[in-house]
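structure16.txt follows; it contains compact mmCIF, C-alpha atoms and all ligand atoms.
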```
# COMPACT_ATOMS: atom_id res chain seq x y z
CA MET A 281 5.81 171.52 34.49
CA PHE A 282 2.10 171.67 35.38
CA ASP A 283 1.97 167.88 35.09
CA ALA A 284 4.76 167.58 37.64
CA ILE A 285 3.15 170.05 40.01
CA SER A 286 -0.21 168.40 39.56
CA SER A 287 0.97 164.88 40.25
CA GLN A 288 2.86 166.14 43.30
CA ALA A 289 -0.38 167.78 44.45
CA SER A 290 -2.51 164.68 44.04
CA LYS A 291 0.06 162.64 45.98
CA LEU A 292 -0.21 165.18 48.77
CA VAL A 293 -4.02 165.09 48.69
CA ASN A 294 -4.02 161.26 48.75
CA LEU A 295 -1.70 161.29 51.69
CA THR A 296 -3.85 163.78 53.59
CA ASN A 297 -6.97 161.75 52.79
CA LYS A 298 -5.33 158.65 54.20
CA VAL A 299 -4.56 160.48 57.42
CA ARG A 300 -8.11 161.77 57.56
CA GLY A 301 -9.69 158.39 56.85
CA ASN A 302 -13.02 158.65 55.06
CA TYR A 303 -13.92 161.97 56.54
CA LYS A 304 -15.21 164.45 53.96
CA SER A 305 -15.47 168.18 54.56
CA LYS A 306 -18.64 170.05 53.53
CA THR A 307 -16.47 172.92 52.29
CA LYS A 308 -16.42 173.51 48.54
CA LEU A 309 -13.36 175.07 46.94
CA VAL A 310 -13.53 177.50 44.03
CA THR A 311 -10.29 178.91 42.63
CA ILE A 312 -10.54 182.21 40.77
CA THR A 313 -7.82 183.08 38.32
CA SER A 314 -7.05 185.06 35.16
CA GLY A 315 -4.41 184.79 32.54
CA LYS A 316 -3.80 188.51 32.21
CA GLY A 317 -3.49 190.92 35.14
CA GLY A 318 -5.89 193.78 35.80
CA VAL A 319 -8.95 192.17 34.23
CA GLY A 320 -11.03 192.40 37.42
CA LYS A 321 -10.24 189.09 39.14
CA SER A 322 -10.03 190.52 42.68
CA THR A 323 -13.13 192.66 42.17
CA PHE A 324 -15.03 189.55 41.05
CA THR A 325 -13.70 187.43 43.93
CA ALA A 326 -14.68 189.93 46.63
CA ASN A 327 -18.13 190.56 45.16
CA ILE A 328 -18.85 186.88 44.46
CA ALA A 329 -17.88 186.14 48.08
CA PHE A 330 -20.27 188.85 49.31
CA LEU A 331 -23.18 187.65 47.14
CA LEU A 332 -22.62 184.06 48.28
CA SER A 333 -22.68 185.17 51.91
CA LYS A 334 -25.94 187.07 51.25
CA ARG A 335 -27.40 183.83 49.94
CA GLY A 336 -26.76 182.23 53.31
CA PHE A 337 -23.37 180.58 52.81
CA LYS A 338 -20.45 180.95 55.17
CA VAL A 339 -17.58 182.04 52.94
CA ALA A 340 -13.81 182.39 53.36
CA VAL A 341 -11.60 184.16 50.82
CA ILE A 342 -7.92 183.25 50.67
CA ASP A 343 -5.83 185.93 49.02
CA ALA A 344 -3.34 183.77 47.18
CA ASP A 345 -2.07 186.56 44.96
CA ILE A 346 1.45 185.99 46.26
CA GLY A 347 3.27 189.32 46.23
CA LEU A 348 0.42 191.55 45.04
CA ALA A 349 -2.32 190.93 47.56
CA ASN A 350 -5.13 193.47 47.56
CA MET A 351 -8.21 191.64 48.80
CA GLN A 352 -7.95 193.40 52.15
CA VAL A 353 -8.48 196.72 50.38
CA LEU A 354 -11.67 195.52 48.68
CA LEU A 355 -12.93 194.00 51.93
CA ASN A 356 -11.88 197.10 53.87
CA LEU A 357 -9.55 195.46 56.38
CA LYS A 358 -6.09 196.44 57.59
CA PRO A 359 -4.79 193.04 58.58
CA LYS A 360 -1.97 192.63 61.07
CA VAL A 361 -1.67 188.93 60.24
CA THR A 362 -1.48 187.21 56.87
CA LEU A 363 -1.34 183.67 55.53
CA PHE A 364 2.45 183.87 55.83
CA ASP A 365 2.17 184.01 59.63
CA TYR A 366 0.40 180.66 59.49
CA ILE A 367 2.78 179.19 56.94
CA ASP A 368 5.76 180.30 59.03
CA GLY A 369 4.20 178.74 62.15
CA MET A 370 3.83 182.05 63.98
CA LYS A 371 0.02 182.00 64.19
CA SER A 372 -2.68 179.37 64.34
CA LEU A 373 -5.17 178.97 61.50
CA ASP A 374 -7.95 180.51 63.61
CA GLU A 375 -5.78 183.55 64.23
CA VAL A 376 -5.25 184.27 60.52
CA ILE A 377 -8.92 183.84 59.56
CA LEU A 378 -10.16 187.41 59.82
CA LYS A 379 -13.77 188.43 60.25
CA THR A 380 -14.84 191.14 57.83
CA ASP A 381 -17.58 193.73 58.40
CA TYR A 382 -19.82 191.53 56.24
CA GLU A 383 -21.75 188.79 57.97
CA ASP A 384 -20.49 185.27 57.20
CA LEU A 385 -17.58 186.59 55.13
CA TYR A 386 -14.01 185.92 56.27
CA LEU A 387 -10.58 186.71 54.81
CA ILE A 388 -7.19 185.10 55.01
CA ALA A 389 -5.08 188.00 53.84
CA GLY A 390 -2.05 187.89 51.61
CA LYS A 391 0.91 190.20 51.81
CA SER A 392 1.95 192.81 49.28
CA GLY A 393 5.58 193.22 48.42
CA PHE A 394 6.38 189.63 49.39
CA GLN A 395 9.60 188.35 47.84
CA TYR A 396 9.10 185.10 45.93
CA SER A 397 12.54 183.79 46.79
CA ASN A 398 11.86 183.72 50.54
CA HIS A 399 9.81 180.57 50.19
CA SER A 400 10.71 177.81 47.81
CA ASN A 401 7.78 176.28 45.99
CA SER A 402 7.06 173.09 47.91
CA PHE A 403 3.31 173.16 48.35
CA ILE A 404 3.51 175.25 51.46
CA PHE A 405 1.01 177.74 50.09
CA SER A 406 -1.69 175.42 48.89
CA ARG A 407 -1.53 173.46 52.14
CA ILE A 408 -3.31 176.34 53.87
CA VAL A 409 -6.22 175.81 51.47
CA GLN A 410 -6.46 172.15 52.45
CA ASP A 411 -6.23 173.07 56.13
CA VAL A 412 -9.10 175.58 55.84
CA ILE A 413 -11.19 172.94 54.04
CA ASP A 414 -10.39 170.43 56.80
CA LEU A 415 -11.75 172.84 59.42
CA ASN A 416 -15.17 172.01 57.95
CA LYS A 417 -16.34 175.43 59.11
CA PHE A 418 -17.10 177.14 55.80
CA ASP A 419 -19.55 176.28 53.05
CA ILE A 420 -17.36 177.78 50.34
CA VAL A 421 -13.70 178.78 50.14
CA LEU A 422 -12.71 181.15 47.32
CA VAL A 423 -9.05 181.30 46.42
CA ASP A 424 -7.91 184.39 44.51
CA THR A 425 -4.70 183.46 42.67
CA GLY A 426 -2.28 185.91 41.15
CA ALA A 427 -2.47 186.68 37.44
CA GLY A 428 -0.41 184.73 34.94
CA LEU A 429 0.84 181.17 35.14
CA ASN A 430 3.77 181.21 37.53
CA ASP A 431 4.51 178.22 39.78
CA TYR A 432 2.46 179.63 42.66
CA VAL A 433 -0.61 180.00 40.48
CA LYS A 434 -0.06 176.49 39.08
CA GLU A 435 0.16 175.13 42.59
CA PHE A 436 -3.20 176.62 43.60
CA LEU A 437 -4.83 175.48 40.35
CA SER A 438 -3.52 171.95 40.74
CA ILE A 439 -5.46 171.32 43.96
CA SER A 440 -8.80 172.64 42.68
CA ASP A 441 -11.49 171.09 40.48
CA ASN A 442 -13.69 174.19 40.39
CA ILE A 443 -11.69 176.79 38.49
CA LEU A 444 -13.21 180.07 37.35
CA ALA A 445 -11.22 182.30 35.00
CA ILE A 446 -11.99 185.96 34.44
CA THR A 447 -11.05 187.53 31.13
CA THR A 448 -11.92 190.46 28.93
CA THR A 449 -12.35 190.50 25.16
CA ASP A 450 -8.93 192.12 24.81
CA PRO A 451 -6.76 190.01 22.44
CA SER A 452 -3.87 189.75 24.90
CA ALA A 453 -6.25 188.61 27.67
CA LEU A 454 -7.69 185.99 25.30
CA THR A 455 -4.22 184.77 24.35
CA ASP A 456 -3.44 184.30 28.05
CA VAL A 457 -6.74 182.53 28.67
CA TYR A 458 -6.02 180.14 25.83
CA SER A 459 -2.65 179.31 27.45
CA LEU A 460 -4.56 178.56 30.65
CA ILE A 461 -6.99 176.31 28.74
CA LYS A 462 -4.10 174.49 27.11
CA MET A 463 -2.42 173.85 30.43
CA LEU A 464 -5.55 172.79 32.31
CA SER A 465 -6.71 170.49 29.50
CA ASN A 466 -3.86 168.13 30.41
CA ASP A 467 -5.44 166.96 33.61
CA LYS A 468 -8.58 168.88 34.55
CA SER A 469 -12.08 168.21 33.32
CA LYS A 470 -13.33 171.77 32.92
CA LEU A 471 -12.79 175.49 33.16
CA MET A 472 -15.58 177.96 33.90
CA LEU A 473 -15.01 181.23 32.08
CA CYS A 474 -16.61 184.64 32.47
CA PHE A 475 -16.07 187.96 30.75
CA ASN A 476 -15.55 191.30 32.46
CA HIS A 477 -15.95 194.68 30.71
CA THR A 478 -18.33 192.94 28.31
CA LYS A 479 -21.77 194.41 27.80
CA SER A 480 -23.33 191.64 25.77
CA TYR A 481 -23.74 188.06 26.96
CA GLN A 482 -23.68 186.96 23.33
CA ILE A 483 -20.21 188.39 22.61
CA GLY A 484 -18.76 186.26 25.40
CA ASN A 485 -20.56 183.20 24.06
CA THR A 486 -19.23 183.75 20.52
CA ILE A 487 -15.66 184.16 21.78
CA VAL A 488 -15.88 181.03 23.94
CA ASN A 489 -17.08 179.07 20.90
CA SER A 490 -14.04 180.31 18.96
CA LEU A 491 -11.75 179.25 21.82
CA ILE A 492 -13.39 175.81 21.85
CA ASN A 493 -12.91 175.50 18.09
CA LEU A 494 -9.27 176.50 18.41
CA ALA A 495 -8.83 173.87 21.14
CA LYS A 496 -10.33 171.26 18.82
CA LYS A 497 -8.11 172.34 15.94
CA ASN A 498 -5.05 172.06 18.18
CA ARG A 499 -6.24 168.65 19.39
CA LEU A 500 -6.48 169.51 23.07
CA SER A 501 -8.11 166.78 25.14
CA GLU A 502 -11.72 166.15 24.09
CA ASP A 503 -12.61 165.39 27.70
CA PHE A 504 -11.86 168.95 28.71
CA MET A 505 -14.78 171.37 28.71
CA VAL A 506 -14.76 175.18 28.63
CA LYS A 507 -18.02 176.45 30.08
CA TYR A 508 -19.07 180.06 29.54
CA ILE A 509 -20.90 181.24 32.63
CA GLY A 510 -21.60 184.93 32.14
CA ASN A 511 -20.49 188.52 31.62
CA VAL A 512 -20.24 191.78 33.55
CA SER A 513 -20.38 195.19 31.86
CA THR A 514 -18.04 198.09 32.49
CA SER A 515 -19.58 200.26 35.16
CA ALA A 516 -18.36 203.47 36.79
CA ASN A 517 -19.97 202.21 40.00
CA ILE A 518 -17.54 199.29 40.08
CA SER A 519 -14.41 201.43 39.88
CA THR A 520 -15.79 204.01 42.30
CA THR A 521 -16.79 201.49 44.96
CA GLY A 522 -13.41 199.76 44.57
CA ARG A 523 -11.63 203.05 45.27
CA LEU A 524 -13.82 203.62 48.34
CA ARG A 525 -13.04 200.11 49.69
CA LYS A 526 -16.67 199.12 49.18
CA LEU A 527 -18.43 196.39 47.23
CA PHE A 528 -20.54 197.33 44.21
CA THR A 529 -22.89 194.40 44.76
CA LYS A 530 -23.77 195.77 48.20
CA GLU A 531 -23.97 199.46 47.26
CA PHE A 532 -25.71 199.04 43.88
CA VAL A 533 -28.01 196.08 44.30
CA GLN A 534 -30.13 196.97 41.26
CA ASP A 535 -27.26 197.76 38.86
CA ASP A 536 -26.96 195.70 35.67
CA SER A 537 -23.48 194.62 36.76
CA THR A 538 -24.80 193.23 40.07
CA ARG A 539 -27.57 191.33 38.26
CA GLN A 540 -25.01 189.98 35.79
CA LEU A 541 -22.84 188.73 38.66
CA GLN A 542 -25.90 187.08 40.23
CA VAL A 543 -26.29 185.00 37.03
CA ILE A 544 -22.68 183.85 37.45
CA ILE A 545 -23.42 182.91 41.09
CA ASP A 546 -26.50 180.91 40.00
CA TYR A 547 -24.32 178.87 37.67
CA LEU A 548 -21.58 178.39 40.26
CA LEU A 549 -23.99 177.16 42.91
CA LYS A 550 -25.47 174.59 40.55
CA ASN A 551 -22.15 173.32 39.24
CA ILE A 552 -19.47 173.34 41.92
CA HIS A 553 -18.78 170.16 43.83
N1 LIG B 1 -16.57 195.93 35.15
C1 LIG B 1 -15.79 196.91 35.59
N2 LIG B 1 -16.13 198.21 35.34
C2 LIG B 1 -15.33 199.23 35.77
N3 LIG B 1 -14.20 199.06 36.46
C3 LIG B 1 -13.83 197.80 36.74
C4 LIG B 1 -14.59 196.66 36.32
N4 LIG B 1 -13.96 195.54 36.75
C5 LIG B 1 -12.85 195.94 37.40
N5 LIG B 1 -12.76 197.29 37.39
C6 LIG B 1 -11.66 198.10 37.95
O1 LIG B 1 -10.46 197.68 37.29
C7 LIG B 1 -9.35 197.73 38.20
C8 LIG B 1 -8.66 196.36 38.21
O2 LIG B 1 -9.52 195.42 38.83
P1 LIG B 1 -8.96 194.29 39.79
O3 LIG B 1 -7.97 194.85 40.77
O4 LIG B 1 -10.12 193.56 40.34
O5 LIG B 1 -8.20 193.42 38.71
P2 LIG B 1 -7.27 192.14 38.94
O6 LIG B 1 -7.46 191.29 37.76
O7 LIG B 1 -7.53 191.53 40.28
O8 LIG B 1 -5.84 192.82 38.95
P3 LIG B 1 -4.45 192.15 39.41
O9 LIG B 1 -4.01 191.31 38.27
O10 LIG B 1 -3.57 193.35 39.62
O11 LIG B 1 -4.70 191.38 40.67
C9 LIG B 1 -9.92 198.16 39.54
O12 LIG B 1 -9.73 199.55 39.68
C10 LIG B 1 -11.41 197.86 39.45
O13 LIG B 1 -12.21 198.71 40.24
```

Representation of the structure as structure tokens:
Amino acid sequence: MFDAISSQASKLVNLTNKVRGNYKSKTKLVTITSGKGGVGKSTFTANIAFLLSKRGFKVAVIDADIGLANMQVLLNLKPKVTLFDYIDGMKSLDEVILKTDYEDLYLIAGKSGFQYSNHSNSFIFSRIVQDVIDLNKFDIVLVDTGAGLNDYVKEFLSISDNILAITTTDPSALTDVYSLIKMLSNDKSKLMLCFNHTKSYQIGNTIVNSLINLAKKNRLSEDFMVKYIGNVSTSANISTTGRLRKLFTKEFVQDDSTRQLQVIIDYLLKNIH
């Protein structure tokens, strides 16, 4: 299934490239996902976006968690327009790119309670990502996918080469991450992986090595690389700021968790293309 979606996606990208000629946007795309729900994916996305903007990059977040969008809560916005208004042709792209209270940080909001069946899966969602890239206005676009591996998530993954997965050490989260690895190994070159609710960097490293060994044992593609890029501890400041619609990386600059996320940003900036 992913193969089919992926080959459909690359056809679409080739077609768009032809129309665009040799023009290449400066915008880099990073897609943030998780196998299991509730592991902290949206919290990571919002705070990574903020830290990137503080480092001087112009950043747009696309809330692609179709049906369960909550990025607007973390970024403290009450959007009247969402990506669906653009997809349905009711608003222009500029009209759905919302300025947040944070300098150089923009949001294209999703919509909670959206019914999957309203839109058939025909690459209408991921096209907005390509259109934002084509604007050539942002340095980095972060796409926050839903949890799990439904067709919408697969669609967003298929158009991205920089994929970051968030997991915890929980066995069910690891099982889901391994399913993600298995799927991506068919036609991607790498997955960046980081651990939330994980105090020690070393624990994450040990688990990633076990996942790599399992992949070898199951003869997944040898060209596919899983790259461990860091960990974030459990912190009461993270849950509290989330509840207050604030960002822990802004409110608690010196916290361990903020420093840990900065390490992840360092890796991202050196390795995304
Ligand atoms: N390291 C952490 N320490 C303490 N609380 C955390 C941490 N990471 C996330 N949380 C809290 O866990 C909850 C779930 O986080 P979040 O909404 O980011 O997860 P998610 O993976 O995006 O969930 P979903 O699958 O529903 O989109 C939130 O209340 C958040 O504040």

For atom CA of Val412 of chain A and atom CA of Ile342 of chain A, the interatomic separation in Å (one decimal):
9.3 Å

Give me the residues within 8 Å of Lys526 of chain A as a PyMOL selection string, counting all atoms listed in the file and dropping any in the same chain fewer than 3 places off.
chain A and resi 354-356+521-523+530-531

Just the number, please: distance in Å from atom CA of Phe475 of chain A to atom CA of Lys496 of chain A, one decimal.
21.3 Å

Exercise on ligand LIG 1 (chain B), axis-aligned box with 4 Å per side, report centre and edge lengths in Å to one decimal, as AutoDock Vina command-line options:
```
--center_x -10.1 --center_y 195.4 --center_z 38.0 --size_x 21.0 --size_y 16.3 --size_z 13.6
```

Which residue, A:Lys507, A:Lys550, A:Arg525, A:Lys371, has the smallest gap to Leu473 of chain A when you use only C-alpha atoms?
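Ranked by minimum distance to Leu473 of chain A, first place goes to A:Lys507.
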
Selected residue of minimal separation from ligand LIG 1 (chain B) among A:Leu548, A:Leu429, A:Leu500, A:Leu494, counting all atoms listed in the file:
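Closest residue, counting all atoms listed in the file: A:Leu429.
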
Distance query Asn442 of chain A at most 9 Å, only C-alpha atoms, self and fewer than 4 positions along chain excluded, as JSON, numbers by chain:
{"A": [308, 309, 310, 311, 312, 437, 470, 471, 472, 548, 551, 552, 553]}

Any chance you can output those residues with C-alpha atoms as a short mmCIF file (atom, residue, chain, number, x, y, z; two decimals), in the frame of the given file?
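The file below, part-v6.cif, is the result:
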```cif
data_model
loop_
_atom_site.label_atom_id
_atom_site.label_comp_id
_atom_site.auth_asym_id
_atom_site.auth_seq_id
_atom_site.Cartn_x
_atom_site.Cartn_y
_atom_site.Cartn_z
CA LYS A 308 -16.42 173.51 48.54
CA LEU A 309 -13.36 175.07 46.94
CA VAL A 310 -13.53 177.50 44.03
CA THR A 311 -10.29 178.91 42.63
CA ILE A 312 -10.54 182.21 40.77
CA LEU A 437 -4.83 175.48 40.35
CA LYS A 470 -13.33 171.77 32.92
CA LEU A 471 -12.79 175.49 33.16
CA MET A 472 -15.58 177.96 33.90
CA LEU A 548 -21.58 178.39 40.26
CA ASN A 551 -22.15 173.32 39.24
CA ILE A 552 -19.47 173.34 41.92
CA HIS A 553 -18.78 170.16 43.83
#
```

Counting all atoms listed in the file, what are the residues, protein, DNA or RNA alike, that approach ligand LIG 1 (chain B) to within 8 Å? I want them as a ChimeraX atom specification.
/A:314,316-325,345,348-350,426-427,446,476-478,512-523,537

Tell me which protein, DNA and RNA residues are within 8 Å of segment 359-367 of chain A, counting only C-alpha atoms, leaving out same-chain ones fewer than 3 positions away, and put them as a list in words.
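Returned residues: Gln352, Met370, Lys371, Ser372, Leu373, Glu375, Val376, Leu378, Ile388, Ala389, Gly390, Lys391, Ile404, Phe405 and Ile408 of chain A.
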
Take the selection from the previous step and output its residues with C-alpha atoms, as a PDB file, in the coordinates of the input.
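The result, written out as selection_33.pdb:
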```
ATOM      1  CA  GLN A 352      -7.950 193.400  52.150  1.00  0.00           C
ATOM      2  CA  MET A 370       3.830 182.050  63.980  1.00  0.00           C
ATOM      3  CA  LYS A 371       0.020 182.000  64.190  1.00  0.00           C
ATOM      4  CA  SER A 372      -2.680 179.370  64.340  1.00  0.00           C
ATOM      5  CA  LEU A 373      -5.170 178.970  61.500  1.00  0.00           C
ATOM      6  CA  GLU A 375      -5.780 183.550  64.230  1.00  0.00           C
ATOM      7  CA  VAL A 376      -5.250 184.270  60.520  1.00  0.00           C
ATOM      8  CA  LEU A 378     -10.160 187.410  59.820  1.00  0.00           C
ATOM      9  CA  ILE A 388      -7.190 185.100  55.010  1.00  0.00           C
ATOM     10  CA  ALA A 389      -5.080 188.000  53.840  1.00  0.00           C
ATOM     11  CA  GLY A 390      -2.050 187.890  51.610  1.00  0.00           C
ATOM     12  CA  LYS A 391       0.910 190.200  51.810  1.00  0.00           C
ATOM     13  CA  ILE A 404       3.510 175.250  51.460  1.00  0.00           C
ATOM     14  CA  PHE A 405       1.010 177.740  50.090  1.00  0.00           C
ATOM     15  CA  ILE A 408      -3.310 176.340  53.870  1.00  0.00           C
TER      16      ILE A 408
END
```

Nearest residue to Tyr547 of chain A out of A:Thr455, A:Tyr508, A:Ser305, A:Leu357, using all atoms listed in the file?
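Among the listed residues, A:Tyr508 lies closest to Tyr547 of chain A.
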